[in-house]
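*Asks:* One structure follows; several queries about it will come next.
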Amino acid sequence: MLSTYINVLKLSTLTFSLWVLRRIDRIGRIHSMSFLTVAGFLAYSKLHRVLSRIIITFHSAEFLDSVMYRMGVLATLRSRIRGGAVIGVMVTASHNPEPDNGVKLIDPKGEMLEASWESIATDLANVEDSELEAHVAKIISDNKIDVGSSSNVFVGMDNRYHSPRLLKAVADGVIALKGNVREFGIVTTPMLHFFVVAANTRGAYGQPTEEGYYRKLITAFETLRGDKLENGNYRNKLIFDGANGVGARKMLQFLKRMHNSLQVEVINKGDGKINENCGADHVKVKQAVPIGMPIVEPYTRCVSVDGDADRVVYFFTDDAGHFRLLDGDRIATLVADYLMDMLKRCDLDLSMGLVQTAYANGGSTDYIANTLKVPVACVPTGVKHLHHKALQYDIGVYFEANGHGTIIFSDNAKCLIKAQSETNPNAKILLQIIDLINETVGDAISDMLLVETILNSKGWDVKDWLATYDDLPNLQLKIKVQDRNVITTTDAERVCVTPVGLQEAIDKVVSNYKRGRAFVRPSGTEDVVRVYAEAATKDETESLAYEVGNLVHQLAGGVGPELIHPGKTISAHI
Ligand SMILES: CC(=O)N[C@H]1[C@@H](OP(=O)(O)O)O[C@H](CO)[C@@H](O)[C@@H]1O
Ligand SMILES: [Mg+2]
């Protein structure tokens with residue numbers, strides 16, 4: 001069981017994510033963990049010894065409590081080794097179902113945990129209780145950590161009903177090692193990233209408070225927008241699907257503080273289950289509108305965010321009633337196009353690159369390379385890979401197709417833009433754009449405000465935006481196999497290395513489809529193999545996806561019956 005977690009632990013997210021995505025009601029079987037040995041370690045703090053009794057009484061969730069506690073310990077040590085810089089710990093399971101939970105760790109610059117610390121975290125999360133105390137002592141001595149030095153940890157959580165208890169466990173882990181913990185309560189993941197970076201830059205990035213976050217983004221947005229609330233085809237009105245998560249709450253807070261600069265109707269604001277039939281993942285993967293959509297005019301702009309508001313996608317329904325998606329690839333291309341134009345207007349020669357993953361639609365990649373003529377790179381799934389690559393450019397635009405992404409500006413770029421702003425009004429605008437962007441991580445609300453700013457400045461509605469290029473029809477399937485790690489990949493996950501023969505079989509199938517492309521990879525967050533397929537038509541895409549899915553089933557140890565293509569059974573595997 002624990003080894004499962006080792007696998008899921010080595011995940012690719014921007015910072016370092018420990019996705020303990022077991023449904024809480026399914027982990028009761030781990031509760032044999034000894035309270036006494038846990039408490040033995042907890043001699044670090046008498047306080048926790050008391051608290052741990054309370055936590056341990058929640059039998060069905062003590063494994064998560066224990067992991068959360070250990071992550072609190074880890075963050076405290078990490079802060080010490082980084083000279084007391086703030087480390088963030090966010091309790092959330094993001095786009096996953098409400099009963100799931102997990103934790104994301106945020107390094108001082110908002111970046112991923114150093115690779116060497118990923119393995120420290122993995123080992124710490126999985127060490128036997130009886131060895132926990134000695135294990136922590138070894139981390140301290142191996143890394144020459146001064147246990148008397150200061151340590152600062154910020155903690156936040158999404159609005160899952162079990163998050164407060166888990167947040168408490170994280171905080172207890174910090175307290176156990178005599179670290180300073182600051183609890184931010186319910187916040188979005190990108191807000192916590194913002195607070196961490198704001199605190200570590202001593203306010204240069206912004207004030208590390210909720211009000212400081214709203215102020216920075218709203219000021220930039222309203223300065224950019226001015227009195228021009230509508231322009232050309234752009235209408236100042238949109239529907240915001242909050243996935244019943246923290247993003248809905250925070251959007252409402254934004255609206256309270258904004259000066260009617262954007263008309264937003266928030267739906268799925270907490271009346272249903274988090275991410276259930278709503279939110280960015282549902283809209284992207286199911287390619288369907290969320291539950292609770294009001295009847296709106298065709299072409300009304302709609303936005304969906306995920307459960308911790310670090311992903312955003314746009315969608316609308318056309319006059320024939322067809323659902324149309326504007327995903328992360330669309331946002332990336334819109335932003336890259338806008339920024340290139342701004343750089344020209346600013347008379348600045350800065351390198352810009354766009355970073356995607358294999359899930360990027362082939363239509364978008366062609367458009368970037370052939371029309372926008374921006375260098376485009378493909379990296380493995382997970383924002384930490386995208387972020388890392390984006391750092392290589394003066395301006396790095398990175399988005400996963402699912403809507404997670406942001407734009408990062410090098411110090412050099414910022415300096416040049418600032419210097420240029422003395423004489424060039426466009427450079428002044430660009431400085432506001434930088435302020436509007438949450439560079440620390442993908443931020444659904446900040447990304448949305450940026451898209452709104454760009455559409456307004458171009459005078460575009462969703463039709464104009466969609467007309468920039470055509471997406472190829474695409475489909476993702478999930479295949480259950482005995483051990484998903486039998487699948488290994490290379491070339492940014494586009495080529496399958498093992499099981500031997502699978503890639504050749506996929507190539508053969510793909511060659512029968514016009515504009516066909518397909519790849520398979522083990523998920524990092526779920527116990528499944530993911531299949532992605534795209535082709536010239538919807539029917540061909542479905543057929544290709546199912547053919548490839550069955551190859552995985554046959555050659556990689558599929559569990560249960562083979563897939564039946566296509567039609568009504570499709571949704572069972574999506
Ligand atoms: C196809 C897909 O959307 N995969 C997602 C998903 O990872 P998997 O490794 O595919 O389970 O969750 C990650 C964390 O949110 C996200 O970075 C990634 O893009
Ligand atoms: Mg998320």
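By order in the structure tokens, chains are A, B, ...; within a chain, residues start at 1; ligands start at 1, following the order shown.
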Report as a VMD selection string which protein, DNA and RNA residues come within 8 Å of ligand 1, using only C-alpha atoms and all ligand atoms.

*Replies:* chain A and resid 11 to 14 94 to 95 281 359 381 to 383 400 to 402 404 476 521 to 526 530

*Asks:* Hey, what does DSSP flag as alpha helix (DSSP H) within region 68-225 of chain A? Can you give it to me as a VMD selection string?

*Replies:* chain A and resid 68 to 81 115 to 126 132 to 142 163 to 176 189 to 200 210 to 225

*Asks:* Excluding Lys109 (chain A) and any residue of its chain fewer than 3 positions from it, enumerate the residues within 8 Å of it, using only C-alpha atoms, and give them as a count of residues only.

*Replies:* 5

*Asks:* Taking only C-alpha atoms and all ligand atoms into account, produce a table as JSON lines in which each residue of chain A with an atom at most 9 Å from an atom of ligand 2 appears once, together with its shortest atom pair and the distance in Å to one decimal, ordered by chain and rising number.

*Replies:*
```
{"residue": "A:Thr92", "atom": "CA", "partner": "ligand 2", "partner_atom_place_in_ligand_line": "1 (Mg)", "distance": 8.2}
{"residue": "A:Ala93", "atom": "CA", "partner": "ligand 2", "partner_atom_place_in_ligand_line": "1 (Mg)", "distance": 7.3}
{"residue": "A:Ser94", "atom": "CA", "partner": "ligand 2", "partner_atom_place_in_ligand_line": "1 (Mg)", "distance": 3.8}
{"residue": "A:His95", "atom": "CA", "partner": "ligand 2", "partner_atom_place_in_ligand_line": "1 (Mg)", "distance": 5.2}
{"residue": "A:Asn96", "atom": "CA", "partner": "ligand 2", "partner_atom_place_in_ligand_line": "1 (Mg)", "distance": 8.3}
{"residue": "A:Thr188", "atom": "CA", "partner": "ligand 2", "partner_atom_place_in_ligand_line": "1 (Mg)", "distance": 8.9}
{"residue": "A:Thr189", "atom": "CA", "partner": "ligand 2", "partner_atom_place_in_ligand_line": "1 (Mg)", "distance": 7.4}
{"residue": "A:Ala280", "atom": "CA", "partner": "ligand 2", "partner_atom_place_in_ligand_line": "1 (Mg)", "distance": 8.9}
{"residue": "A:Asp281", "atom": "CA", "partner": "ligand 2", "partner_atom_place_in_ligand_line": "1 (Mg)", "distance": 9.0}
{"residue": "A:Val305", "atom": "CA", "partner": "ligand 2", "partner_atom_place_in_ligand_line": "1 (Mg)", "distance": 8.3}
{"residue": "A:Asp306", "atom": "CA", "partner": "ligand 2", "partner_atom_place_in_ligand_line": "1 (Mg)", "distance": 5.5}
{"residue": "A:Gly307", "atom": "CA", "partner": "ligand 2", "partner_atom_place_in_ligand_line": "1 (Mg)", "distance": 6.0}
{"residue": "A:Asp308", "atom": "CA", "partner": "ligand 2", "partner_atom_place_in_ligand_line": "1 (Mg)", "distance": 4.9}
{"residue": "A:Ala309", "atom": "CA", "partner": "ligand 2", "partner_atom_place_in_ligand_line": "1 (Mg)", "distance": 5.7}
{"residue": "A:Asp310", "atom": "CA", "partner": "ligand 2", "partner_atom_place_in_ligand_line": "1 (Mg)", "distance": 4.6}
{"residue": "A:Arg311", "atom": "CA", "partner": "ligand 2", "partner_atom_place_in_ligand_line": "1 (Mg)", "distance": 5.6}
{"residue": "A:His404", "atom": "CA", "partner": "ligand 2", "partner_atom_place_in_ligand_line": "1 (Mg)", "distance": 7.6}
{"residue": "A:Gly442", "atom": "CA", "partner": "ligand 2", "partner_atom_place_in_ligand_line": "1 (Mg)", "distance": 8.8}
{"residue": "A:Ala444", "atom": "CA", "partner": "ligand 2", "partner_atom_place_in_ligand_line": "1 (Mg)", "distance": 8.9}
```

*Asks:* Write the residues you've just listed into a file as a PDB file, in the first residue's frame, and include C-alpha atoms for each of them.

*Replies:*
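Produced file again26.pdb, reproduced below:
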```pdb
ATOM      1  CA  THR A  92      -6.089  20.211  -1.542  1.00  0.00           C
ATOM      2  CA  ALA A  93      -6.978  17.537  -4.049  1.00  0.00           C
ATOM      3  CA  SER A  94      -7.408  20.101  -6.812  1.00  0.00           C
ATOM      4  CA  HIS A  95      -9.631  18.855  -9.651  1.00  0.00           C
ATOM      5  CA  ASN A  96     -10.291  15.459  -8.053  1.00  0.00           C
ATOM      6  CA  THR A 188      -6.797  28.988  -3.559  1.00  0.00           C
ATOM      7  CA  THR A 189      -3.512  27.220  -4.294  1.00  0.00           C
ATOM      8  CA  ALA A 280     -12.351  22.859 -15.489  1.00  0.00           C
ATOM      9  CA  ASP A 281     -11.477  19.151 -15.572  1.00  0.00           C
ATOM     10  CA  VAL A 305     -11.966  26.697 -12.841  1.00  0.00           C
ATOM     11  CA  ASP A 306     -10.983  23.601 -10.883  1.00  0.00           C
ATOM     12  CA  GLY A 307     -11.372  22.813  -7.166  1.00  0.00           C
ATOM     13  CA  ASP A 308      -8.322  24.787  -6.024  1.00  0.00           C
ATOM     14  CA  ALA A 309      -8.523  27.411  -8.795  1.00  0.00           C
ATOM     15  CA  ASP A 310      -5.186  26.855 -10.462  1.00  0.00           C
ATOM     16  CA  ARG A 311      -6.717  25.768 -13.780  1.00  0.00           C
ATOM     17  CA  HIS A 404      -2.977  25.132 -15.865  1.00  0.00           C
ATOM     18  CA  GLY A 442      -0.991  28.938 -12.740  1.00  0.00           C
ATOM     19  CA  ALA A 444      -7.272  30.559 -12.691  1.00  0.00           C
TER      20      ALA A 444
END
```

*Asks:* Could you work out how far CA of Val312 (chain A) lies from CA of Cys278 (chain A), giving the answer in Å with one decimal?

*Replies:*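 Calculated distance between CA of Cys278 (chain A) and CA of Val312 (chain A) is 12.1 Å.
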
*Asks:* Would you mind writing down, as a PyMOL selection string, each residue of region 347-387 of chain A that DSSP on the backbone assigns to strand (DSSP E or B)?

*Replies:* chain A and resi 352-356+376-378

*Asks:* Do a neighbour search on Asp341 (chain A) at 12 Å with only C-alpha atoms, toss out local chain neighbours closer than 3 positions, and write the hits as a PDB file with C-alpha atoms, in the first residue's frame.

*Replies:*
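The resulting file, part15.pdb, is reproduced below:
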```pdb
ATOM      1  CA  LEU A 334      -3.870  34.197 -27.263  1.00  0.00           C
ATOM      2  CA  VAL A 335      -1.361  35.403 -24.670  1.00  0.00           C
ATOM      3  CA  ALA A 336       1.707  34.669 -26.825  1.00  0.00           C
ATOM      4  CA  ASP A 337       0.197  36.527 -29.779  1.00  0.00           C
ATOM      5  CA  TYR A 338      -0.640  39.520 -27.581  1.00  0.00           C
ATOM      6  CA  LYS A 344       7.058  45.041 -31.057  1.00  0.00           C
ATOM      7  CA  ARG A 345       5.164  48.117 -29.884  1.00  0.00           C
ATOM      8  CA  CYS A 346       7.610  48.509 -27.021  1.00  0.00           C
ATOM      9  CA  ASP A 347      10.505  48.142 -29.439  1.00  0.00           C
ATOM     10  CA  LEU A 348      12.015  45.441 -27.280  1.00  0.00           C
ATOM     11  CA  ASP A 349      13.941  42.449 -28.521  1.00  0.00           C
ATOM     12  CA  LEU A 350      13.298  39.772 -25.912  1.00  0.00           C
ATOM     13  CA  MET A 352       9.847  34.427 -26.022  1.00  0.00           C
ATOM     14  CA  LEU A 372       2.744  32.938 -34.623  1.00  0.00           C
ATOM     15  CA  VAL A 374       7.088  31.516 -31.664  1.00  0.00           C
ATOM     16  CA  ASN A 426       3.050  50.415 -24.335  1.00  0.00           C
ATOM     17  CA  ALA A 427       5.809  49.383 -21.960  1.00  0.00           C
ATOM     18  CA  LEU A 430       3.189  45.716 -20.227  1.00  0.00           C
ATOM     19  CA  ILE A 454      -6.520  40.789 -24.049  1.00  0.00           C
ATOM     20  CA  SER A 457      -7.960  45.175 -26.118  1.00  0.00           C
ATOM     21  CA  LYS A 458      -8.373  43.204 -29.355  1.00  0.00           C
TER      22      LYS A 458
END
```

*Asks:* Near Gln392 (chain A), within 9 Å and counting only C-alpha atoms, which residues show up once chain neighbours fewer than 4 positions away are dropped, as a PyMOL selection string?

*Replies:* chain A and resi 353+388+396+410

*Asks:* Deliver the residues from the most recent selection as a file, using N, CA and C atoms, as a PDB file, in the first residue's frame.

*Replies:*
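Listing of again-v9.pdb after writing:
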```pdb
ATOM      1  N   GLY A 353       9.203  32.137 -25.593  1.00  0.00           N
ATOM      2  CA  GLY A 353       8.964  30.743 -25.952  1.00  0.00           C
ATOM      3  C   GLY A 353       7.669  30.268 -25.340  1.00  0.00           C
ATOM      4  N   HIS A 388       9.991  24.879 -15.509  1.00  0.00           N
ATOM      5  CA  HIS A 388      11.443  24.773 -15.631  1.00  0.00           C
ATOM      6  C   HIS A 388      11.895  25.188 -17.029  1.00  0.00           C
ATOM      7  N   GLY A 396       8.528  33.381 -20.815  1.00  0.00           N
ATOM      8  CA  GLY A 396       8.121  31.988 -21.035  1.00  0.00           C
ATOM      9  C   GLY A 396       6.628  31.849 -20.785  1.00  0.00           C
ATOM     10  N   SER A 410      11.722  37.056 -17.089  1.00  0.00           N
ATOM     11  CA  SER A 410      13.038  37.046 -16.434  1.00  0.00           C
ATOM     12  C   SER A 410      13.298  38.420 -15.821  1.00  0.00           C
TER      13      SER A 410
END
```

*Asks:* Using Å and a single decimal, report how far CA of Arg70 (chain A) sits from CA of Pro108 (chain A).

*Replies:*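 Between CA of Pro108 (chain A) and CA of Arg70 (chain A) the gap is 18.8 Å.
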
*Asks:* Excluding Asp435 (chain A) and residues on its chain fewer than 2 positions from it, collect all residues at most 12 Å away from it, counting only C-alpha atoms, and give them as a ChimeraX atom specification.

*Replies:* /A:194,204-206,213-224,407-409,414,428-433,437-440,446-447,449-450

*Asks:* Those residues you just picked out, can you put them in a file as an mmCIF file, in the first residue's frame with C-alpha atoms?

*Replies:*
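Below is the file that was written, out-v5.cif:
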```cif
data_model
loop_
_atom_site.group_PDB
_atom_site.id
_atom_site.type_symbol
_atom_site.label_atom_id
_atom_site.label_comp_id
_atom_site.auth_asym_id
_atom_site.auth_seq_id
_atom_site.Cartn_x
_atom_site.Cartn_y
_atom_site.Cartn_z
ATOM 1 C CA PHE A 194 1.500 34.381 -3.872
ATOM 2 C CA ALA A 204 8.376 43.342 -3.344
ATOM 3 C CA TYR A 205 6.016 40.881 -5.061
ATOM 4 C CA GLY A 206 2.992 42.078 -3.059
ATOM 5 C CA TYR A 213 -3.436 39.632 -3.324
ATOM 6 C CA TYR A 214 -6.781 41.124 -4.360
ATOM 7 C CA ARG A 215 -5.320 44.615 -4.385
ATOM 8 C CA LYS A 216 -2.436 43.769 -6.694
ATOM 9 C CA LEU A 217 -4.541 41.942 -9.263
ATOM 10 C CA ILE A 218 -7.563 44.259 -9.182
ATOM 11 C CA THR A 219 -5.434 47.400 -9.424
ATOM 12 C CA ALA A 220 -3.618 46.053 -12.474
ATOM 13 C CA PHE A 221 -6.845 44.836 -14.108
ATOM 14 C CA GLU A 222 -8.767 48.057 -13.551
ATOM 15 C CA THR A 223 -5.836 50.238 -14.607
ATOM 16 C CA LEU A 224 -5.562 48.282 -17.848
ATOM 17 C CA ILE A 407 3.694 33.438 -17.936
ATOM 18 C CA ILE A 408 7.074 34.151 -16.401
ATOM 19 C CA PHE A 409 9.293 37.140 -17.087
ATOM 20 C CA LYS A 414 11.446 43.168 -16.318
ATOM 21 C CA LYS A 428 3.727 50.938 -19.149
ATOM 22 C CA ILE A 429 0.851 48.697 -20.187
ATOM 23 C CA LEU A 430 3.189 45.716 -20.227
ATOM 24 C CA LEU A 431 4.247 46.470 -16.656
ATOM 25 C CA GLN A 432 0.594 46.352 -15.595
ATOM 26 C CA ILE A 433 0.196 43.077 -17.475
ATOM 27 C CA ILE A 437 -0.118 37.780 -13.885
ATOM 28 C CA ASN A 438 0.529 35.511 -10.921
ATOM 29 C CA GLU A 439 3.988 34.408 -12.012
ATOM 30 C CA THR A 440 4.381 32.069 -9.066
ATOM 31 C CA SER A 446 -5.475 35.887 -12.668
ATOM 32 C CA ASP A 447 -5.344 34.012 -15.994
ATOM 33 C CA LEU A 449 -8.475 38.514 -15.885
ATOM 34 C CA LEU A 450 -5.568 38.447 -18.337
#
```

*Asks:* Skip Ala533 (chain A) itself and residues of its chain fewer than 6 positions away, then list as a PDB file with C-alpha atoms, in the first residue's frame all residues within 6 Å of it, counting only C-alpha atoms.

*Replies:*
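Once everything was written out, this is out_19.pdb:
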```
ATOM      1  CA  ASN A 474      -9.379  14.649 -29.492  1.00  0.00           C
ATOM      2  CA  LEU A 475     -10.232  12.104 -26.845  1.00  0.00           C
ATOM      3  CA  ARG A 517      -1.631  11.110 -33.311  1.00  0.00           C
ATOM      4  CA  ALA A 518      -1.829   9.012 -30.162  1.00  0.00           C
ATOM      5  CA  ALA A 545      -8.481   6.058 -29.096  1.00  0.00           C
TER       6      ALA A 545
END
```

*Asks:* A:Ile434, A:Ala320, A:Leu238, A:Val289: which is nearest Glu265 (chain A), counting only C-alpha atoms?

*Replies:* A:Leu238
